[in-house]
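So the structure is just underneath, and the comments pick up after that.
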Amino acid sequence: MAGPDKKKLYPNENIKTVCYISNLPKRPNVEIGDYTYYSDNHDNPENFYNHIQHHYEFLGDKLIIGKFCAIAEGVTFIMNGANHRMEGFTTYPFNIFGGGWERVTPTIEQLPFKGDTVIGNDVWIGQNVTIMPGVKIGDGAIVAVNSTVVKNVEPYAIVGGNPAKLIKRRFSDDIVELLLKLQWWNWDEEKIFNNLEQLVSANDAETLKTLLKIEET
Ligand SMILES: CC(C)(COP(=O)(O)OP(=O)(O)OC[C@H]1O[C@@H](n2cnc3c(N)ncnc32)[C@H](O)[C@@H]1OP(=O)(O)O)[C@@H](O)C(=O)NCCC(=O)NCCS
């Protein structure tokens with residue numbers, strides 16, 4: 001035994017509020033890494049895709065989520081399809097109602113486009129967080145409960161509020177550098193299993209250097 005089965009939707013059969021969303025039926029333009037879970041106590045967690053909003057295939061924007069992320073209830077990923085044209089006198093989307101108004105249908109180029117939303121590995125997204133289009137969140141970051149993330153988040157930063165701002169950094173720069181080198185989330189199951197204690201409780205450069213040496217040999 002080296003941990004739960006990453007291919008199961010419900011890795012712990014006794015907990016039906018937490019599911020590994022990489023095992024949901026695939027969706028175009030959505031990529032989710034192994035072990036990343038969505039947790040919901042009020043709705044079926046298998047409805048995770050309902051939390052990705054305004055995501056239209058013709059726009060081509062992607063939602064990419066890394067491995068070992070913890071995504072709490074009520075998250076909303078707002079994708080590029082949410083944005084209206086803004087350069088004219090009105091932002092009203094006449095074209096979608098027809099009746100001749102479709103003559104002002106914007107081209108894709110005329111719509112605001114912020115690119116893909118990319119969530120790194122080992123990111124903890126708190127309850128009721130909203131993530132705006134095009135935002136990139138670095139590995140190991142934490143987003144505080146009820147935040148709205150409008151700008152990119154550095155690896156291992158803790159951000160919060162609306163708009164989300166830096167609350168604090170989890171580690172010093174040298175430790176972050178080592179952690180980004182280590183990329184423990186890419187280890188095989190057995191290696192993670194054998195190093196669990198260090199992963200959850202160590203926070204010093206020496207342990208990281210030892211782990212990196214093990215990695216190199
Ligand atoms: C981000 C979080 C982990 C920080 O925890 P912590 O380190 O114990 O932080 P503290 O409570 O000491 O607060 C640190 C600072 O962050 C601020 N802060 C905390 N949560 C915040 C939020 N949601 N929005 C804005 N600021 C927040 C505090 O006001 C405090 O500011 P100060 O330093 O100016 O006084 C925690 O606030 C949080 O949001 N956890 C997520 C819980 C959750 O959603 N779980 C879902 C189930 S998995």
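Numbering starts fresh at 1 for the residues of each chain in the structure tokens, the chains themselves are lettered A, B, ... in the order given, and ligands are numbered from 1 as they appear.
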
Cut-off 6 Å, only C-alpha atoms and all ligand atoms, neighbours of ligand 1 as a PyMOL selection string:
chain A and resi 72+126-127+143-147+160-161+167

Could you please take those selected residues and save N, CA and C atoms as a PDB file, in the first residue's frame?
ATOM      1  N   ALA A  72     -11.710  24.072  -2.098  1.00  0.00           N
ATOM      2  CA  ALA A  72     -12.827  24.038  -1.153  1.00  0.00           C
ATOM      3  C   ALA A  72     -14.141  24.447  -1.815  1.00  0.00           C
ATOM      4  N   GLY A 126      -9.226  28.292  -0.625  1.00  0.00           N
ATOM      5  CA  GLY A 126     -10.207  28.305   0.456  1.00  0.00           C
ATOM      6  C   GLY A 126     -11.641  28.414  -0.050  1.00  0.00           C
ATOM      7  N   GLN A 127     -12.541  28.315   0.897  1.00  0.00           N
ATOM      8  CA  GLN A 127     -13.968  28.304   0.578  1.00  0.00           C
ATOM      9  C   GLN A 127     -14.423  29.601  -0.095  1.00  0.00           C
ATOM     10  N   VAL A 143      -4.934  30.482  -1.006  1.00  0.00           N
ATOM     11  CA  VAL A 143      -5.876  31.591  -1.221  1.00  0.00           C
ATOM     12  C   VAL A 143      -6.882  31.557  -0.076  1.00  0.00           C
ATOM     13  N   ALA A 144      -6.953  32.653   0.674  1.00  0.00           N
ATOM     14  CA  ALA A 144      -7.803  32.694   1.870  1.00  0.00           C
ATOM     15  C   ALA A 144      -9.287  32.690   1.499  1.00  0.00           C
ATOM     16  N   VAL A 145     -10.063  32.229   2.437  1.00  0.00           N
ATOM     17  CA  VAL A 145     -11.512  32.103   2.281  1.00  0.00           C
ATOM     18  C   VAL A 145     -12.139  33.417   1.763  1.00  0.00           C
ATOM     19  N   ASN A 146     -13.113  33.284   0.872  1.00  0.00           N
ATOM     20  CA  ASN A 146     -13.897  34.426   0.341  1.00  0.00           C
ATOM     21  C   ASN A 146     -13.103  35.440  -0.494  1.00  0.00           C
ATOM     22  N   SER A 147     -11.942  35.051  -0.964  1.00  0.00           N
ATOM     23  CA  SER A 147     -11.132  36.016  -1.731  1.00  0.00           C
ATOM     24  C   SER A 147     -11.536  36.045  -3.201  1.00  0.00           C
ATOM     25  N   GLY A 160      -5.180  37.050   0.169  1.00  0.00           N
ATOM     26  CA  GLY A 160      -6.561  37.081   0.639  1.00  0.00           C
ATOM     27  C   GLY A 160      -7.201  38.425   0.398  1.00  0.00           C
ATOM     28  N   GLY A 161      -8.531  38.430   0.443  1.00  0.00           N
ATOM     29  CA  GLY A 161      -9.304  39.666   0.307  1.00  0.00           C
ATOM     30  C   GLY A 161      -9.850  39.849  -1.097  1.00  0.00           C
ATOM     31  N   ILE A 167      -0.839  38.350   1.842  1.00  0.00           N
ATOM     32  CA  ILE A 167      -0.967  38.385   3.307  1.00  0.00           C
ATOM     33  C   ILE A 167       0.409  38.109   3.917  1.00  0.00           C
TER      34      ILE A 167
END

A:Gly60 environment, 12 Å, only C-alpha atoms, sequence neighbours closer than 3 positions dropped, as an MDAnalysis selection string
chainID A and resid 28:30 54:57 63 79:81 108 113:117

Could you name the residues that touch A:Lys209 at 10 Å or less, counting only C-alpha atoms, but leaving out those on the same chain fewer than 6 positions away, as an mmCIF file with N, CA and C atoms, in the first residue's frame?
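Saved as out_32.cif:
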data_model
loop_
_atom_site.group_PDB
_atom_site.id
_atom_site.type_symbol
_atom_site.label_atom_id
_atom_site.label_comp_id
_atom_site.auth_asym_id
_atom_site.auth_seq_id
_atom_site.Cartn_x
_atom_site.Cartn_y
_atom_site.Cartn_z
ATOM 1 N N ILE A 175 14.174 28.791 0.670
ATOM 2 C CA ILE A 175 13.385 27.553 0.832
ATOM 3 C C ILE A 175 12.430 27.388 -0.355
ATOM 4 N N LEU A 178 14.276 25.960 -3.217
ATOM 5 C CA LEU A 178 14.532 24.516 -3.067
ATOM 6 C C LEU A 178 13.253 23.699 -3.296
ATOM 7 N N LEU A 179 12.145 24.210 -2.775
ATOM 8 C CA LEU A 179 10.869 23.490 -2.956
ATOM 9 C C LEU A 179 10.497 23.403 -4.438
ATOM 10 N N LEU A 182 12.560 20.770 -5.855
ATOM 11 C CA LEU A 182 12.174 19.445 -5.365
ATOM 12 C C LEU A 182 10.963 18.891 -6.108
ATOM 13 N N GLU A 215 17.226 12.724 -4.215
ATOM 14 C CA GLU A 215 16.670 12.832 -5.564
ATOM 15 C C GLU A 215 17.745 12.636 -6.630
#

Counting only C-alpha atoms, which residues of stretch 60-83 of chain A sit at most 12 Å from some atom of stretch 19-25 of chain A, and what is each one's closest atom pair with its distance in Å to one decimal, listed by chain and rising residue number, as JSON lines?
{"residue": "A:Ile64", "atom": "CA", "partner": "A:Ser22", "partner_atom": "CA", "distance": 11.0}
{"residue": "A:Ile65", "atom": "CA", "partner": "A:Ser22", "partner_atom": "CA", "distance": 9.3}
{"residue": "A:Gly66", "atom": "CA", "partner": "A:Ser22", "partner_atom": "CA", "distance": 9.8}
{"residue": "A:Lys67", "atom": "CA", "partner": "A:Ser22", "partner_atom": "CA", "distance": 9.1}
{"residue": "A:Phe68", "atom": "CA", "partner": "A:Tyr20", "partner_atom": "CA", "distance": 9.5}
{"residue": "A:Cys69", "atom": "CA", "partner": "A:Tyr20", "partner_atom": "CA", "distance": 9.8}
{"residue": "A:Ala70", "atom": "CA", "partner": "A:Tyr20", "partner_atom": "CA", "distance": 9.7}
{"residue": "A:Ile71", "atom": "CA", "partner": "A:Ile21", "partner_atom": "CA", "distance": 9.8}
{"residue": "A:Ala72", "atom": "CA", "partner": "A:Cys19", "partner_atom": "CA", "distance": 11.0}
{"residue": "A:Glu73", "atom": "CA", "partner": "A:Cys19", "partner_atom": "CA", "distance": 11.6}

Selection above as a file: C-alpha atoms, as a PDB file, in the first residue's frame:
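Produced file part14.pdb, reproduced below:
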ATOM      1  CA  ILE A  64      -5.227  24.040 -15.992  1.00  0.00           C
ATOM      2  CA  ILE A  65      -4.939  22.791 -12.412  1.00  0.00           C
ATOM      3  CA  GLY A  66      -1.875  20.968 -11.122  1.00  0.00           C
ATOM      4  CA  LYS A  67      -1.518  17.977  -8.812  1.00  0.00           C
ATOM      5  CA  PHE A  68      -2.339  17.757  -5.101  1.00  0.00           C
ATOM      6  CA  CYS A  69      -4.485  20.889  -4.985  1.00  0.00           C
ATOM      7  CA  ALA A  70      -7.180  21.239  -2.326  1.00  0.00           C
ATOM      8  CA  ILE A  71     -10.178  23.103  -3.670  1.00  0.00           C
ATOM      9  CA  ALA A  72     -12.827  24.038  -1.153  1.00  0.00           C
ATOM     10  CA  GLU A  73     -16.567  24.370  -1.547  1.00  0.00           C
TER      11      GLU A  73
END

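DSSP on the backbone gives strand (DSSP E) for these parts of stretch 4-100 of chain A: A:Val18, A:Cys19, A:Tyr20, A:Val30, A:Glu31, A:Ile32, A:Tyr37, A:Tyr38, A:Ser39, A:Ile52, A:Gln53, A:Leu63, A:Ile64, A:Ile65, A:Ala70, A:Ile71, A:Thr76, A:Phe77, A:Ile78.
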
Can you pull out every residue from chain A that DSSP, working from the backbone, puts in alpha helix (DSSP H), and format the result as number ranges by chain?
A: 173-182, 189-194, 196-201, 205-216
